[in-house]
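Reproduced below: start03.cif, with mmCIF, C-alpha atoms.
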```
data_data
#
loop_
_atom_site.group_PDB
_atom_site.id
_atom_site.type_symbol
_atom_site.label_atom_id
_atom_site.label_comp_id
_atom_site.auth_asym_id
_atom_site.auth_seq_id
_atom_site.Cartn_x
_atom_site.Cartn_y
_atom_site.Cartn_z
ATOM 1 C CA MET A 1 41.083 -61.098 -101.888
ATOM 2 C CA GLY A 2 43.656 -62.185 -104.401
ATOM 3 C CA LEU A 3 44.974 -65.135 -102.398
ATOM 4 C CA ASP A 4 45.934 -68.370 -104.118
ATOM 5 C CA ASP A 5 45.203 -71.886 -102.829
ATOM 6 C CA TYR A 6 48.108 -71.657 -100.368
ATOM 7 C CA GLY A 7 47.182 -68.275 -98.905
ATOM 8 C CA PHE A 8 49.745 -66.220 -100.813
ATOM 9 C CA PRO A 9 48.740 -62.962 -102.485
ATOM 10 C CA ALA A 10 48.849 -64.341 -106.031
ATOM 11 C CA THR A 11 48.485 -61.079 -107.932
ATOM 12 C CA ILE A 12 51.185 -59.319 -105.963
ATOM 13 C CA ILE A 13 53.602 -62.203 -106.500
ATOM 14 C CA ALA A 14 52.757 -62.358 -110.207
ATOM 15 C CA ASN A 15 53.237 -58.609 -110.577
ATOM 16 C CA SER A 16 56.620 -58.679 -108.870
ATOM 17 C CA ILE A 17 57.755 -61.463 -111.231
ATOM 18 C CA LEU A 18 56.346 -59.751 -114.324
ATOM 19 C CA LEU A 19 57.920 -56.404 -113.425
ATOM 20 C CA GLU A 20 61.333 -57.983 -113.940
ATOM 21 C CA GLN A 21 60.558 -59.267 -117.446
ATOM 22 C CA ASP A 22 61.255 -57.361 -120.641
ATOM 23 C CA ASP A 23 59.544 -59.586 -123.184
ATOM 24 C CA PHE A 24 55.992 -60.830 -122.744
ATOM 25 C CA GLY A 25 55.660 -62.363 -126.205
ATOM 26 C CA ASP A 26 52.046 -62.537 -127.343
ATOM 27 C CA SER A 27 50.783 -61.746 -123.829
ATOM 28 C CA VAL A 28 51.665 -58.036 -123.787
ATOM 29 C CA LYS A 29 48.059 -56.969 -124.320
ATOM 30 C CA ASP A 30 46.865 -59.315 -121.560
ATOM 31 C CA VAL A 31 49.496 -57.977 -119.150
ATOM 32 C CA GLU A 32 48.484 -54.393 -119.955
ATOM 33 C CA GLU A 33 44.813 -55.188 -119.332
ATOM 34 C CA SER A 34 45.584 -57.018 -116.081
ATOM 35 C CA TRP A 35 47.766 -54.198 -114.780
ATOM 36 C CA SER A 36 45.182 -51.566 -115.762
ATOM 37 C CA TYR A 37 42.549 -53.539 -113.861
ATOM 38 C CA TRP A 38 44.932 -53.976 -110.907
ATOM 39 C CA LEU A 39 45.727 -50.241 -110.764
ATOM 40 C CA HIS A 40 42.043 -49.383 -110.822
ATOM 41 C CA TYR A 41 41.650 -51.098 -107.455
ATOM 42 C CA PHE A 42 45.190 -50.551 -106.107
ATOM 43 C CA PRO A 43 46.280 -47.136 -107.433
ATOM 44 C CA PHE A 44 49.157 -46.870 -104.938
ATOM 45 C CA ASP A 45 51.218 -49.485 -106.793
ATOM 46 C CA ALA A 46 53.518 -46.926 -108.437
ATOM 47 C CA VAL A 47 56.029 -49.517 -109.629
ATOM 48 C CA THR A 48 53.400 -51.389 -111.619
ATOM 49 C CA ALA A 49 51.974 -48.110 -112.960
ATOM 50 C CA GLU A 50 55.425 -47.070 -114.137
ATOM 51 C CA ARG A 51 56.030 -50.404 -115.865
ATOM 52 C CA LEU A 52 52.566 -50.289 -117.446
ATOM 53 C CA SER A 53 53.379 -46.823 -118.756
ATOM 54 C CA SER A 54 56.519 -48.098 -120.431
ATOM 55 C CA LEU A 55 54.581 -50.924 -122.123
ATOM 56 C CA MET A 56 51.978 -48.455 -123.345
ATOM 57 C CA MET A 57 54.648 -46.093 -124.684
ATOM 58 C CA LYS A 58 56.169 -48.937 -126.703
ATOM 59 C CA ARG A 59 52.781 -49.853 -128.144
ATOM 60 C CA LEU A 60 52.023 -46.211 -128.908
ATOM 61 C CA ALA A 61 55.324 -45.864 -130.783
ATOM 62 C CA ARG A 62 54.390 -48.837 -133.001
ATOM 63 C CA MET A 63 50.976 -47.440 -133.940
ATOM 64 C CA ASP A 64 50.376 -45.635 -137.220
ATOM 65 C CA VAL A 65 49.277 -42.049 -136.618
ATOM 66 C CA LYS A 66 46.869 -41.978 -139.559
ATOM 67 C CA LYS A 67 45.457 -45.507 -139.475
ATOM 68 C CA ASP A 68 45.117 -45.918 -135.707
ATOM 69 C CA GLY A 69 43.960 -42.419 -134.741
ATOM 70 C CA ALA A 70 41.076 -43.369 -132.425
ATOM 71 C CA ARG A 71 42.877 -46.284 -130.773
ATOM 72 C CA ARG A 72 45.971 -44.125 -130.403
ATOM 73 C CA GLN A 73 43.986 -41.360 -128.699
ATOM 74 C CA LEU A 74 42.434 -43.837 -126.270
ATOM 75 C CA LEU A 75 45.841 -45.337 -125.489
ATOM 76 C CA GLU A 76 47.289 -41.850 -124.917
ATOM 77 C CA ARG A 77 44.592 -41.194 -122.296
ATOM 78 C CA LYS A 78 45.304 -44.502 -120.564
ATOM 79 C CA LEU A 79 49.028 -43.780 -120.686
ATOM 80 C CA GLU A 80 48.498 -40.364 -119.130
ATOM 81 C CA LEU A 81 46.486 -41.891 -116.292
ATOM 82 C CA ALA A 82 49.073 -44.606 -115.596
ATOM 83 C CA SER A 83 51.942 -42.103 -115.765
ATOM 84 C CA GLN A 84 50.189 -39.747 -113.363
ATOM 85 C CA ARG A 85 49.607 -42.581 -110.899
ATOM 86 C CA ALA A 86 53.237 -43.643 -111.133
ATOM 87 C CA GLU A 87 54.387 -40.099 -110.441
ATOM 88 C CA ARG A 88 51.834 -39.351 -107.727
ATOM 89 C CA TYR A 89 52.502 -42.478 -105.671
ATOM 90 C CA ARG A 90 56.271 -42.842 -106.156
ATOM 91 C CA LYS A 91 57.953 -43.621 -102.811
ATOM 92 C CA GLY A 92 60.238 -40.601 -103.013
ATOM 93 C CA ASN A 93 57.220 -38.282 -102.926
ATOM 94 C CA PHE A 94 56.330 -39.250 -99.386
ATOM 95 C CA ALA A 95 58.244 -37.994 -96.338
ATOM 96 C CA ARG A 96 59.309 -40.495 -93.730
#
```
For this file, produce the structure as structure tokens.
Amino acid sequence: MGLDDYGFPATIIANSILLEQDDFGDSVKDVEESWSYWLHYFPFDAVTAERLSSLMMKRLARMDVKKDGARRQLLERKLELASQRAERYRKGNFAR
């Protein structure tokens, strides 16, 4: 699952590259959706969950409280879920 034509785990490689970027241009929404989908099936990826949380916080800060109430509430729930996953599965939380 998730292997490219050469047998490499394409999604994992893409995520590791994207985690290092700060600007996604017009693709921010697509990256958020892809990472949300990814975390649904691989919730232990705390690094991606943390980065997704930061993208969601930026989008939430840009939203108008009065005009975007419903969308804002939905995004807050998604942000809470991603933040909880990031915290729950952070490497430092597990003993060696």
Given all atoms listed in the file as the counted atoms, nearest of A:Met57, A:Val65, A:Ala10, A:Leu52 to A:Val31: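 Using all atoms listed in the file, the shortest distance to A:Val31 belongs to A:Leu52.
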Two-atom distance - atom CA of A:Glu80, atom CA of A:Ser53 (Å):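 Taking atom CA of A:Glu80 and atom CA of A:Ser53, their separation equals 8.1 Å.
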Shell of 12 Å around A:Lys78, only C-alpha atoms, local chain residues under 2 positions omitted, as a ChimeraX atom specification: /A:32-33,35-37,39-40,49,52-57,59-60,71-76,80-85
Residue subset to file, keeping C-alpha atoms, as an mmCIF file, keeping the file's coordinate frame:
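The file below, selection.cif, is the result:
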```
data_model
loop_
_atom_site.group_PDB
_atom_site.id
_atom_site.type_symbol
_atom_site.label_atom_id
_atom_site.label_comp_id
_atom_site.auth_asym_id
_atom_site.auth_seq_id
_atom_site.Cartn_x
_atom_site.Cartn_y
_atom_site.Cartn_z
ATOM 1 C CA GLU A 32 48.484 -54.393 -119.955
ATOM 2 C CA GLU A 33 44.813 -55.188 -119.332
ATOM 3 C CA TRP A 35 47.766 -54.198 -114.780
ATOM 4 C CA SER A 36 45.182 -51.566 -115.762
ATOM 5 C CA TYR A 37 42.549 -53.539 -113.861
ATOM 6 C CA LEU A 39 45.727 -50.241 -110.764
ATOM 7 C CA HIS A 40 42.043 -49.383 -110.822
ATOM 8 C CA ALA A 49 51.974 -48.110 -112.960
ATOM 9 C CA LEU A 52 52.566 -50.289 -117.446
ATOM 10 C CA SER A 53 53.379 -46.823 -118.756
ATOM 11 C CA SER A 54 56.519 -48.098 -120.431
ATOM 12 C CA LEU A 55 54.581 -50.924 -122.123
ATOM 13 C CA MET A 56 51.978 -48.455 -123.345
ATOM 14 C CA MET A 57 54.648 -46.093 -124.684
ATOM 15 C CA ARG A 59 52.781 -49.853 -128.144
ATOM 16 C CA LEU A 60 52.023 -46.211 -128.908
ATOM 17 C CA ARG A 71 42.877 -46.284 -130.773
ATOM 18 C CA ARG A 72 45.971 -44.125 -130.403
ATOM 19 C CA GLN A 73 43.986 -41.360 -128.699
ATOM 20 C CA LEU A 74 42.434 -43.837 -126.270
ATOM 21 C CA LEU A 75 45.841 -45.337 -125.489
ATOM 22 C CA GLU A 76 47.289 -41.850 -124.917
ATOM 23 C CA GLU A 80 48.498 -40.364 -119.130
ATOM 24 C CA LEU A 81 46.486 -41.891 -116.292
ATOM 25 C CA ALA A 82 49.073 -44.606 -115.596
ATOM 26 C CA SER A 83 51.942 -42.103 -115.765
ATOM 27 C CA GLN A 84 50.189 -39.747 -113.363
ATOM 28 C CA ARG A 85 49.607 -42.581 -110.899
#
```
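Interatomic distance, atom CA of A:Ala14 to atom CA of A:Asn93: 25.5 Å.
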Between atom CA of A:Trp38 and atom CA of A:Glu50 - distance in Å to one decimal: 13.0 Å
Taking all listed atoms of stretch 29-39 of chain A, build the axis-aligned box, pad each of the six sides by 8 Å, then write its centre and edge lengths in Å to one decimal as lines of an AutoDock Vina configuration file.
```
center_x = 46.0
center_y = -54.8
center_z = -117.5
size_x = 22.9
size_y = 25.1
size_z = 29.6
```
Among listed residues A:Tyr89, A:Gly69, A:Ile13, A:Asp23, nearest A:Phe42 (using only C-alpha atoms): A:Tyr89
